[in-house]
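Participant: Let me begin by handing over the structure; questions about it come next.
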Amino acid sequence: MPPLRTFILKVVNRCNINCDYCYVFNGPDQSWRGLPVRMSVEVAHAVAQRIAEHATAHDLDHVDVVLHGGEPLLAGPRHLGAILQILHDRVPSVRFELQTNGMLLNDDWLDLFDRFDVRVGVSIDGRPTANDRHRVSHRGRSTSDAAVRGIELLRNRPHLFAGVLAVVDLRNDPADVHDYLASLGPAVIDFNLPHATHDAPPGRTNPAEPEYGRWLSRVYDAWTSADSYTHSVRILEDIVALSLGAKGSVESLGLAPADIVVVESDGSIENVDTLKAAAPGAASLGLDVFDHSFDEVANHPAIRRRQVGVAALAEECQRCPLVSVCGGGYLPHRLSAERGYRNPSVYCQDLAHLIRHVQATLPA
């Protein structure tokens with residue numbers, strides 16, 4: 001049983017903006033409606049105890065705790081500070097990260113993050129014309145300026161700035177999106193493919209063409225051709241690493257055992273939460289931090305499915321020469337009502353195009 005190392009805590013189950021692609025609030029699983037708005041300190045104590053037990057039992061040199069939402073800053077500095085203090089005091093060798101839309105960041109928040117060494121990632125899809133296609137306020141207004149203001153504050157404390165996260169939209173120019181995000185000064189740029197399944201496939205101009213793969217290939221070309229950039233683009237860096245026989249860093253690529261679980265604001269423990277984009281209840285494990293250890297979580301059949309590598313994949317994926325790099329694609333993107341998760345990714349042709357494009361530039 002591989003141990004769990006990354007714990008995503010849903011410290012807030014509401015958001016101050018309304019992204020139309022959001023898998024939590026605008027996806028098929030609407031379970032957030034019945035969850036507490038904020039994670040209580042009682043839940044935080046239970047989470048900390050369970051993580052500490054797991055880390056000690058497996059002699060882990062560190063664990064990663066990611067504060068997530070919704071928008072985690074809606075918890076308020078005092079409440080989130082209390083949760084950070086509990087985790088800091090109870091969990092050995094804990095490393096903190098936080099993902100935010102950046103709109104509420106100010107110096108008080110950054111002082112708190114400095115105190116606990118919290119690295120902060122900001123979600124933004126590009127310049128305003130790109131970002132505001134999807135990431136708008138609840139009144140439909142732009143969120144770009146406020147997000148950039150938050151990023152500018154983070155740039156004054158670069159040790160806290162983890163990077164930026166963008167969702168691919170084929171209507172945006174890939175090189176322009178990359179160059180704009182790079183101009184914001186992140187150490188890392190993450191690109192996510194829109195969440196989709198075989199029963200609800202991603203939008204394309206031509207379903208027979210690898211349009212997302214071509215889009216990301218153009219990002220790769222922009223990234224590798226610009227000598228002045230010092231950032232990494234995680235999906236591309238992982239493809240390079242995996243192609244050369246090294247280990248990747250994201251669950252959506254490669255065959256390494258998954259080590260991520262999610263704790264909801266009420267203390268319930270879930271599988272990777274992006275499964276909420278696949279179907280109602282797809283992320284549910286029926287476990288919680290009050291009654292179950294993380295060893296029990298790691299032994300749950302749904303978690304084990306994310307840890308057995310190629311054996312969990314569709315037969316056509318097992319035969320594919322690219323499987324050690326693509327890993328069959330991200331789990332939520334494999335789902336169909338007919339075959340469950342035993343399908344190639346809905347982005348199979350895109351991943352194949354991108355991987356071959358990257359590999360063509362590597363030393364033989």
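Please note that chains go A, B, ... in the order of the structure tokens, that every chain numbers its residues from 1, and that ligands are numbered from 1 in the order shown.
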With range 173-195 of chain A as the partner and 8 Å as the cut-off, tabulate the residues of range 88-143 of chain A that qualify, each row holding the nearest pair of atoms and their distance in Å to one decimal, using only C-alpha atoms, sorted by chain and rising number, as a Markdown table.
Facilitator:
```
| residue | atom | partner | partner_atom | distance |
| --- | --- | --- | --- | --- |
| A:Asp125 | CA | A:Val177 | CA | 7.4 |
| A:Gly126 | CA | A:Val177 | CA | 5.0 |
| A:Arg127 | CA | A:Tyr180 | CA | 6.4 |
| A:Ala130 | CA | A:Val177 | CA | 7.7 |
```
Participant: List as a list in words the protein and nucleic acid residues near Ala278 in chain A, meaning an atom at most 7 Å away when only C-alpha atoms are counted, but skip any in the same chain fewer than 3 places from it.
Facilitator: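 In the requested form, the answer reads Ala196, Thr197, Leu275, Ala282, Pro332 and Leu335 of chain A.
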Participant: As a short mmCIF file (atom, residue, chain, number, x, y, z; two decimals) with N, CA, C and O atoms, in the first residue's frame, please: the residues near range 76-82 of chain A (cut-off 10 Å, only C-alpha atoms, same-chain neighbours under 2 positions excluded).
Facilitator:
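The result, stored in selection.cif:
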```
data_model
loop_
_atom_site.label_atom_id
_atom_site.label_comp_id
_atom_site.auth_asym_id
_atom_site.auth_seq_id
_atom_site.Cartn_x
_atom_site.Cartn_y
_atom_site.Cartn_z
N VAL A 11 -11.27 24.00 2.68
CA VAL A 11 -11.50 24.83 3.86
C VAL A 11 -12.70 25.76 3.69
O VAL A 11 -13.24 26.28 4.67
N VAL A 12 -13.13 25.98 2.44
CA VAL A 12 -14.32 26.79 2.16
C VAL A 12 -15.08 26.13 1.01
O VAL A 12 -14.48 25.71 0.02
N ARG A 38 -17.55 26.64 5.83
CA ARG A 38 -16.14 26.62 6.24
C ARG A 38 -15.84 25.33 7.00
O ARG A 38 -16.69 24.76 7.67
N MET A 39 -14.60 24.89 6.88
CA MET A 39 -14.12 23.79 7.71
C MET A 39 -13.96 24.30 9.14
O MET A 39 -13.29 25.32 9.37
N SER A 40 -14.51 23.60 10.10
CA SER A 40 -14.43 24.02 11.50
C SER A 40 -13.07 23.66 12.09
O SER A 40 -12.34 22.81 11.56
N VAL A 41 -12.74 24.26 13.22
CA VAL A 41 -11.49 23.91 13.90
C VAL A 41 -11.57 22.48 14.43
O VAL A 41 -10.54 21.80 14.52
N ALA A 44 -10.55 20.42 11.60
CA ALA A 44 -9.11 20.63 11.39
C ALA A 44 -8.29 19.82 12.39
O ALA A 44 -7.25 19.23 12.03
N LEU A 67 -4.57 23.94 0.76
CA LEU A 67 -5.81 24.60 1.17
C LEU A 67 -6.55 25.03 -0.09
O LEU A 67 -6.02 25.76 -0.93
N PRO A 72 -10.56 29.68 -0.83
CA PRO A 72 -10.16 29.50 0.57
C PRO A 72 -10.04 30.79 1.36
O PRO A 72 -10.19 30.78 2.58
N LEU A 73 -9.79 31.92 0.69
CA LEU A 73 -9.64 33.17 1.43
C LEU A 73 -10.96 33.67 2.00
O LEU A 73 -10.97 34.55 2.87
N LEU A 74 -12.08 33.11 1.55
CA LEU A 74 -13.36 33.47 2.15
C LEU A 74 -13.47 32.99 3.60
O LEU A 74 -14.37 33.42 4.32
N LEU A 84 -4.31 26.73 10.05
CA LEU A 84 -2.88 26.58 9.76
C LEU A 84 -2.10 26.27 11.04
O LEU A 84 -1.19 25.43 11.04
N GLN A 85 -2.45 26.94 12.14
CA GLN A 85 -1.75 26.72 13.40
C GLN A 85 -1.94 25.28 13.88
O GLN A 85 -0.98 24.63 14.33
N ILE A 86 -3.16 24.78 13.79
CA ILE A 86 -3.44 23.40 14.21
C ILE A 86 -2.61 22.42 13.39
O ILE A 86 -1.96 21.52 13.94
N LEU A 87 -2.59 22.59 12.09
CA LEU A 87 -1.84 21.68 11.23
C LEU A 87 -0.34 21.82 11.46
O LEU A 87 0.39 20.82 11.51
N HIS A 88 0.13 23.03 11.62
CA HIS A 88 1.55 23.28 11.87
C HIS A 88 2.01 22.61 13.16
O HIS A 88 3.10 22.03 13.23
N LEU A 104 -8.83 38.42 -3.41
CA LEU A 104 -8.88 38.90 -2.03
C LEU A 104 -7.51 39.06 -1.40
O LEU A 104 -7.41 39.44 -0.22
N ASP A 108 -2.12 41.69 4.56
CA ASP A 108 -2.44 40.93 5.77
C ASP A 108 -2.42 39.43 5.49
O ASP A 108 -1.91 38.63 6.29
N TRP A 109 -3.01 39.05 4.34
CA TRP A 109 -2.97 37.64 3.97
C TRP A 109 -1.52 37.18 3.76
O TRP A 109 -1.13 36.10 4.22
N LEU A 110 -0.74 37.98 3.08
CA LEU A 110 0.63 37.56 2.79
C LEU A 110 1.47 37.49 4.07
O LEU A 110 2.37 36.65 4.17
N ASP A 111 1.17 38.34 5.04
CA ASP A 111 1.85 38.24 6.34
C ASP A 111 1.54 36.90 7.00
O ASP A 111 2.43 36.25 7.59
N LEU A 112 0.28 36.47 6.92
CA LEU A 112 -0.10 35.18 7.48
C LEU A 112 0.61 34.05 6.73
O LEU A 112 1.14 33.10 7.36
N PHE A 113 0.65 34.13 5.42
CA PHE A 113 1.30 33.08 4.64
C PHE A 113 2.81 33.06 4.89
O PHE A 113 3.42 31.98 4.89
N ARG A 115 4.13 33.72 7.74
CA ARG A 115 4.28 33.11 9.07
C ARG A 115 4.32 31.60 8.99
O ARG A 115 5.08 30.94 9.72
N PHE A 116 3.51 31.02 8.09
CA PHE A 116 3.42 29.56 7.99
C PHE A 116 4.07 29.01 6.71
O PHE A 116 3.94 27.83 6.43
#
```
Participant: Give me, as a list in words, the residues of range 105-156 of chain A that a backbone DSSP run labels strand (DSSP E or B).
Facilitator: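 Filtering range 105-156 of chain A to strand (DSSP E or B) leaves Val118, Arg119, Val120, Gly121, Val122, Ser123, Arg135, Val136, Ser137 and Ser142 of chain A.
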Participant: Since we have the selection now, will you write its residues out, keeping N, CA and C atoms, as a compact mmCIF listing (two decimals), in the first residue's frame?
Facilitator:
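Contents of out_24.txt, as written:
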```
# COMPACT_ATOMS: atom_id res chain seq x y z
N VAL A 118 3.36 29.45 3.50
CA VAL A 118 2.33 28.94 2.59
C VAL A 118 2.63 29.43 1.18
N ARG A 119 2.86 28.51 0.26
CA ARG A 119 3.06 28.89 -1.14
C ARG A 119 1.71 29.00 -1.83
N VAL A 120 1.55 30.06 -2.63
CA VAL A 120 0.25 30.44 -3.15
C VAL A 120 0.23 30.34 -4.68
N GLY A 121 -0.75 29.60 -5.19
CA GLY A 121 -1.00 29.54 -6.62
C GLY A 121 -2.24 30.33 -6.96
N VAL A 122 -2.23 30.97 -8.12
CA VAL A 122 -3.35 31.82 -8.55
C VAL A 122 -3.90 31.30 -9.87
N SER A 123 -5.22 31.19 -9.93
CA SER A 123 -5.90 30.74 -11.15
C SER A 123 -6.21 31.95 -12.02
N ARG A 135 -14.03 33.23 -16.41
CA ARG A 135 -13.80 33.56 -15.01
C ARG A 135 -14.36 34.95 -14.73
N VAL A 136 -15.63 35.00 -14.37
CA VAL A 136 -16.32 36.27 -14.13
C VAL A 136 -16.95 36.27 -12.74
N SER A 137 -17.36 37.46 -12.31
CA SER A 137 -18.03 37.57 -11.02
C SER A 137 -19.44 37.01 -11.13
N SER A 142 -15.79 41.34 -15.15
CA SER A 142 -14.41 40.87 -15.27
C SER A 142 -13.78 40.66 -13.89
```
Participant: Skip range 231-247 of chain A itself and residues of its chain fewer than 2 positions away, then list as a ChimeraX atom specification all residues within 9 Å of it, counting only C-alpha atoms.
Facilitator: /A:163,182,185-192,216-217,219-220,223,229,249-250,252-254,256,322,324-326,354-355,358-359,362
